[in-house]
$ cat work_6.txt   # compact mmCIF, N, CA and C atoms
# COMPACT_ATOMS: atom_id res chain seq x y z
N MET C 451 -197.80 189.16 199.82
CA MET C 451 -196.87 188.06 200.03
C MET C 451 -195.44 188.59 200.13
N ARG C 452 -195.08 189.50 199.26
CA ARG C 452 -193.74 190.05 199.25
C ARG C 452 -193.46 190.85 200.52
N SER C 453 -194.43 191.58 200.99
CA SER C 453 -194.23 192.37 202.21
C SER C 453 -194.05 191.45 203.42
N ALA C 454 -194.72 190.30 203.44
CA ALA C 454 -194.56 189.36 204.54
C ALA C 454 -193.13 188.81 204.58
N LEU C 455 -192.56 188.55 203.40
CA LEU C 455 -191.18 188.08 203.33
C LEU C 455 -190.22 189.15 203.82
N LEU C 456 -190.45 190.39 203.44
CA LEU C 456 -189.58 191.48 203.88
C LEU C 456 -189.66 191.70 205.38
N ILE C 457 -190.83 191.47 205.95
CA ILE C 457 -190.97 191.61 207.41
C ILE C 457 -190.26 190.46 208.13
N ALA C 458 -190.32 189.25 207.58
CA ALA C 458 -189.73 188.08 208.23
C ALA C 458 -188.22 187.99 208.03
N LEU C 459 -187.69 188.61 207.00
CA LEU C 459 -186.28 188.50 206.66
C LEU C 459 -185.32 188.81 207.80
N PRO C 460 -185.52 189.85 208.58
CA PRO C 460 -184.57 190.14 209.67
C PRO C 460 -184.55 189.07 210.76
N PHE C 461 -185.60 188.26 210.85
CA PHE C 461 -185.68 187.25 211.90
C PHE C 461 -185.11 185.91 211.49
N ILE C 462 -184.70 185.79 210.24
CA ILE C 462 -184.13 184.54 209.76
C ILE C 462 -182.64 184.56 210.06
N SER C 463 -182.17 183.54 210.73
CA SER C 463 -180.74 183.49 211.07
C SER C 463 -180.06 182.38 210.28
N MET C 464 -178.75 182.49 210.13
CA MET C 464 -177.98 181.48 209.43
C MET C 464 -177.78 180.29 210.36
N ALA C 465 -178.01 179.11 209.86
CA ALA C 465 -177.84 177.90 210.65
C ALA C 465 -176.49 177.28 210.34
N ALA C 466 -175.92 176.64 211.34
CA ALA C 466 -174.66 175.92 211.15
C ALA C 466 -174.81 174.53 211.72
N ALA C 467 -174.09 173.59 211.16
CA ALA C 467 -174.18 172.20 211.60
C ALA C 467 -173.66 172.05 213.02
N GLY C 468 -172.69 172.84 213.37
CA GLY C 468 -172.18 172.93 214.73
C GLY C 468 -171.88 171.62 215.42
N PRO C 469 -172.51 171.38 216.55
CA PRO C 469 -172.15 170.25 217.40
C PRO C 469 -172.28 168.89 216.73
N ILE C 470 -173.24 168.72 215.85
CA ILE C 470 -173.41 167.41 215.20
C ILE C 470 -172.23 167.12 214.28
N ALA C 471 -171.88 168.06 213.41
CA ALA C 471 -170.75 167.86 212.50
C ALA C 471 -169.46 167.73 213.29
N TYR C 472 -169.31 168.50 214.34
CA TYR C 472 -168.11 168.45 215.17
C TYR C 472 -167.97 167.08 215.83
N GLY C 473 -169.06 166.57 216.37
CA GLY C 473 -169.04 165.25 217.01
C GLY C 473 -168.69 164.14 216.04
N ILE C 474 -169.24 164.20 214.84
CA ILE C 474 -168.94 163.19 213.82
C ILE C 474 -167.46 163.28 213.43
N CYS C 475 -166.98 164.49 213.27
CA CYS C 475 -165.58 164.70 212.90
C CYS C 475 -164.64 164.17 213.99
N GLN C 476 -164.94 164.48 215.25
CA GLN C 476 -164.10 164.02 216.35
C GLN C 476 -164.11 162.49 216.47
N THR C 477 -165.27 161.89 216.21
CA THR C 477 -165.35 160.43 216.23
C THR C 477 -164.43 159.83 215.18
N GLY C 478 -164.41 160.43 214.00
CA GLY C 478 -163.50 159.97 212.95
C GLY C 478 -162.04 160.11 213.37
N CYS C 479 -161.70 161.23 213.97
CA CYS C 479 -160.32 161.45 214.43
C CYS C 479 -159.92 160.38 215.45
N ASN C 480 -160.80 160.13 216.41
CA ASN C 480 -160.48 159.15 217.45
C ASN C 480 -160.41 157.73 216.92
N THR C 481 -161.23 157.41 215.93
CA THR C 481 -161.19 156.09 215.31
C THR C 481 -159.84 155.86 214.64
N VAL C 482 -159.37 156.87 213.94
CA VAL C 482 -158.06 156.76 213.28
C VAL C 482 -156.94 156.67 214.33
N ALA C 483 -157.07 157.40 215.43
CA ALA C 483 -156.05 157.34 216.48
C ALA C 483 -156.00 155.95 217.10
N VAL C 484 -157.13 155.34 217.33
CA VAL C 484 -157.17 153.98 217.88
C VAL C 484 -156.48 153.01 216.91
N ALA C 485 -156.75 153.16 215.62
CA ALA C 485 -156.12 152.29 214.62
C ALA C 485 -154.61 152.53 214.58
N CYS C 486 -154.19 153.77 214.73
CA CYS C 486 -152.77 154.12 214.73
C CYS C 486 -152.06 153.46 215.92
N TYR C 487 -152.66 153.56 217.09
CA TYR C 487 -152.10 152.92 218.28
C TYR C 487 -152.04 151.41 218.10
N ALA C 488 -153.11 150.82 217.58
CA ALA C 488 -153.15 149.37 217.38
C ALA C 488 -152.05 148.92 216.42
N ALA C 489 -151.81 149.72 215.38
CA ALA C 489 -150.75 149.38 214.42
C ALA C 489 -149.38 149.42 215.10
N ALA C 490 -149.25 150.25 216.13
CA ALA C 490 -147.99 150.33 216.88
C ALA C 490 -147.92 149.28 217.98
N GLY C 491 -148.99 148.50 218.15
CA GLY C 491 -149.02 147.44 219.15
C GLY C 491 -149.39 147.92 220.55
N LEU C 492 -150.02 149.08 220.65
CA LEU C 492 -150.41 149.61 221.95
C LEU C 492 -151.91 149.87 222.00
N THR C 493 -152.41 150.18 223.18
CA THR C 493 -153.83 150.44 223.37
C THR C 493 -154.05 151.92 223.57
N PHE C 494 -154.94 152.50 222.79
CA PHE C 494 -155.26 153.92 222.90
C PHE C 494 -155.94 154.19 224.23
N GLY C 495 -155.54 155.26 224.91
CA GLY C 495 -156.17 155.66 226.16
C GLY C 495 -155.47 155.15 227.40
N THR C 496 -154.43 154.35 227.25
CA THR C 496 -153.70 153.89 228.42
C THR C 496 -152.58 154.88 228.73
N ILE C 497 -152.10 154.82 229.94
CA ILE C 497 -151.02 155.72 230.35
C ILE C 497 -149.72 155.22 229.75
N ALA C 498 -149.05 156.10 229.02
CA ALA C 498 -147.79 155.73 228.38
C ALA C 498 -146.61 156.12 229.26
N ALA C 499 -145.54 155.41 229.09
CA ALA C 499 -144.31 155.73 229.81
C ALA C 499 -143.77 157.07 229.30
N PRO C 500 -142.96 157.75 230.10
CA PRO C 500 -142.40 159.02 229.65
C PRO C 500 -141.64 158.91 228.32
N ALA C 501 -141.02 157.79 228.09
CA ALA C 501 -140.29 157.58 226.83
C ALA C 501 -141.20 156.85 225.85
N ALA C 502 -142.21 157.53 225.38
CA ALA C 502 -143.16 156.91 224.46
C ALA C 502 -142.49 156.65 223.12
N PRO C 503 -142.86 155.56 222.46
CA PRO C 503 -142.28 155.27 221.15
C PRO C 503 -142.61 156.39 220.15
N ALA C 504 -141.75 156.55 219.17
CA ALA C 504 -141.93 157.61 218.18
C ALA C 504 -143.26 157.46 217.43
N ALA C 505 -143.70 156.22 217.22
CA ALA C 505 -144.97 156.00 216.52
C ALA C 505 -146.13 156.61 217.29
N ILE C 506 -146.09 156.49 218.61
CA ILE C 506 -147.16 157.04 219.44
C ILE C 506 -147.14 158.56 219.41
N LEU C 507 -145.94 159.14 219.42
CA LEU C 507 -145.85 160.60 219.31
C LEU C 507 -146.43 161.07 217.98
N GLY C 508 -146.22 160.29 216.93
CA GLY C 508 -146.80 160.61 215.62
C GLY C 508 -148.32 160.49 215.64
N CYS C 509 -148.81 159.44 216.29
CA CYS C 509 -150.27 159.26 216.41
C CYS C 509 -150.89 160.43 217.16
N ASN C 510 -150.25 160.84 218.26
CA ASN C 510 -150.78 161.95 219.05
C ASN C 510 -150.76 163.26 218.27
N ALA C 511 -149.70 163.49 217.52
CA ALA C 511 -149.61 164.70 216.72
C ALA C 511 -150.70 164.72 215.64
N ALA C 512 -150.93 163.57 215.01
CA ALA C 512 -151.97 163.49 213.98
C ALA C 512 -153.36 163.70 214.59
N LEU C 513 -153.58 163.14 215.77
CA LEU C 513 -154.87 163.32 216.45
C LEU C 513 -155.09 164.79 216.80
N GLY C 514 -154.06 165.46 217.26
CA GLY C 514 -154.17 166.88 217.58
C GLY C 514 -154.49 167.73 216.36
N THR C 515 -153.83 167.42 215.25
CA THR C 515 -154.09 168.15 214.01
C THR C 515 -155.51 167.90 213.51
N CYS C 516 -155.96 166.65 213.57
CA CYS C 516 -157.31 166.31 213.14
C CYS C 516 -158.35 167.01 214.02
N SER C 517 -158.14 166.99 215.32
CA SER C 517 -159.08 167.63 216.24
C SER C 517 -159.15 169.14 216.02
N ALA C 518 -158.00 169.75 215.79
CA ALA C 518 -157.98 171.19 215.52
C ALA C 518 -158.71 171.52 214.22
N THR C 519 -158.55 170.67 213.23
CA THR C 519 -159.24 170.87 211.96
C THR C 519 -160.75 170.75 212.15
N CYS C 520 -161.18 169.80 212.96
CA CYS C 520 -162.61 169.66 213.25
C CYS C 520 -163.16 170.94 213.86
N ALA C 521 -162.40 171.50 214.79
CA ALA C 521 -162.87 172.71 215.47
C ALA C 521 -162.99 173.89 214.52
N THR C 522 -162.09 173.98 213.56
CA THR C 522 -162.11 175.14 212.66
C THR C 522 -163.02 174.94 211.47
N VAL C 523 -163.28 173.70 211.07
CA VAL C 523 -164.08 173.44 209.87
C VAL C 523 -165.50 173.00 210.20
N ALA C 524 -165.64 171.97 211.01
CA ALA C 524 -166.95 171.37 211.26
C ALA C 524 -167.89 172.32 212.01
N LEU C 525 -167.37 173.13 212.90
CA LEU C 525 -168.24 174.02 213.65
C LEU C 525 -168.80 175.16 212.78
N LEU C 526 -168.17 175.39 211.63
CA LEU C 526 -168.62 176.45 210.76
C LEU C 526 -169.36 175.94 209.52
N ALA C 527 -169.54 174.62 209.41
CA ALA C 527 -170.19 174.03 208.24
C ALA C 527 -171.68 174.35 208.23
N PRO C 528 -172.20 174.81 207.11
CA PRO C 528 -173.65 175.10 207.05
C PRO C 528 -174.48 173.82 206.95
N ILE C 529 -175.69 173.89 207.44
CA ILE C 529 -176.61 172.77 207.32
C ILE C 529 -177.15 172.76 205.91
N PRO C 530 -177.08 171.62 205.23
CA PRO C 530 -177.60 171.58 203.84
C PRO C 530 -179.09 171.75 203.76
$ encode --input "work_6.txt" --output "structure tokens"
Amino acid sequence: MRSALLIALPFISMAAAGPIAYGICQTGCNTVAVACYAAAGLTFGTIAAPAAPAAILGCNAALGTCSATCATVALLAPIP
């Protein structure tokens, strides 16, 4: 039994949650961005004028930070 485990050990790879965790994380980021835009009285995903309100610039910055965090954290999360 022990020798079978030693033979199989090199073929076992580390699993990561990857795309599933990343997708869930991005969905959360976008949900918060939609709420942020709604609080500012605008609709997320529409074309904004060049002089966007400061609230929208804040929403966009927060969305970018959240998305970057998803990429660095969720893609490396191990599967429980």
$ atom_distance --input "work_6.txt" --atom1 "atom N of Thr481 of chain C" --atom2 "atom N of Thr522 of chain C"
16.8 Å
$ residues_around --input "work_6.txt" --residues "Cys516 of chain C" --least-positions-apart "3" --cutoff "8 Å" --atoms "only N, CA and C atoms" --output "JSON list (two decimals) with N, CA and C atoms, keeping the file's coordinate frame"
[["chain", "number", "residue", "atom", "x", "y", "z"],
["C", 475, "CYS", "N", -166.98, 164.49, 213.27],
["C", 475, "CYS", "CA", -165.58, 164.70, 212.90],
["C", 475, "CYS", "C", -164.64, 164.17, 213.99],
["C", 476, "GLN", "N", -164.94, 164.48, 215.25],
["C", 476, "GLN", "CA", -164.10, 164.02, 216.35],
["C", 476, "GLN", "C", -164.11, 162.49, 216.47],
["C", 478, "GLY", "N", -164.41, 160.43, 214.00],
["C", 478, "GLY", "CA", -163.50, 159.97, 212.95],
["C", 478, "GLY", "C", -162.04, 160.11, 213.37],
["C", 479, "CYS", "N", -161.70, 161.23, 213.97],
["C", 479, "CYS", "CA", -160.32, 161.45, 214.43],
["C", 479, "CYS", "C", -159.92, 160.38, 215.45],
["C", 480, "ASN", "N", -160.80, 160.13, 216.41],
["C", 480, "ASN", "CA", -160.48, 159.15, 217.45],
["C", 480, "ASN", "C", -160.41, 157.73, 216.92],
["C", 510, "ASN", "N", -150.25, 160.84, 218.26],
["C", 510, "ASN", "CA", -150.78, 161.95, 219.05],
["C", 510, "ASN", "C", -150.76, 163.26, 218.27],
["C", 511, "ALA", "N", -149.70, 163.49, 217.52],
["C", 511, "ALA", "CA", -149.61, 164.70, 216.72],
["C", 511, "ALA", "C", -150.70, 164.72, 215.64],
["C", 512, "ALA", "N", -150.93, 163.57, 215.01],
["C", 512, "ALA", "CA", -151.97, 163.49, 213.98],
["C", 512, "ALA", "C", -153.36, 163.70, 214.59],
["C", 513, "LEU", "N", -153.58, 163.14, 215.77],
["C", 513, "LEU", "CA", -154.87, 163.32, 216.45],
["C", 513, "LEU", "C", -155.09, 164.79, 216.80],
["C", 519, "THR", "N", -158.55, 170.67, 213.23],
["C", 519, "THR", "CA", -159.24, 170.87, 211.96],
["C", 519, "THR", "C", -160.75, 170.75, 212.15],
["C", 520, "CYS", "N", -161.18, 169.80, 212.96],
["C", 520, "CYS", "CA", -162.61, 169.66, 213.25],
["C", 520, "CYS", "C", -163.16, 170.94, 213.86],
["C", 521, "ALA", "N", -162.40, 171.50, 214.79],
["C", 521, "ALA", "CA", -162.87, 172.71, 215.47],
["C", 521, "ALA", "C", -162.99, 173.89, 214.52],
["C", 522, "THR", "N", -162.09, 173.98, 213.56],
["C", 522, "THR", "CA", -162.11, 175.14, 212.66],
["C", 522, "THR", "C", -163.02, 174.94, 211.47]]
$ atom_distance --input "work_6.txt" --atom1 "atom C of Ala502 of chain C" --atom2 "atom CA of Ala518 of chain C"
22.6 Å
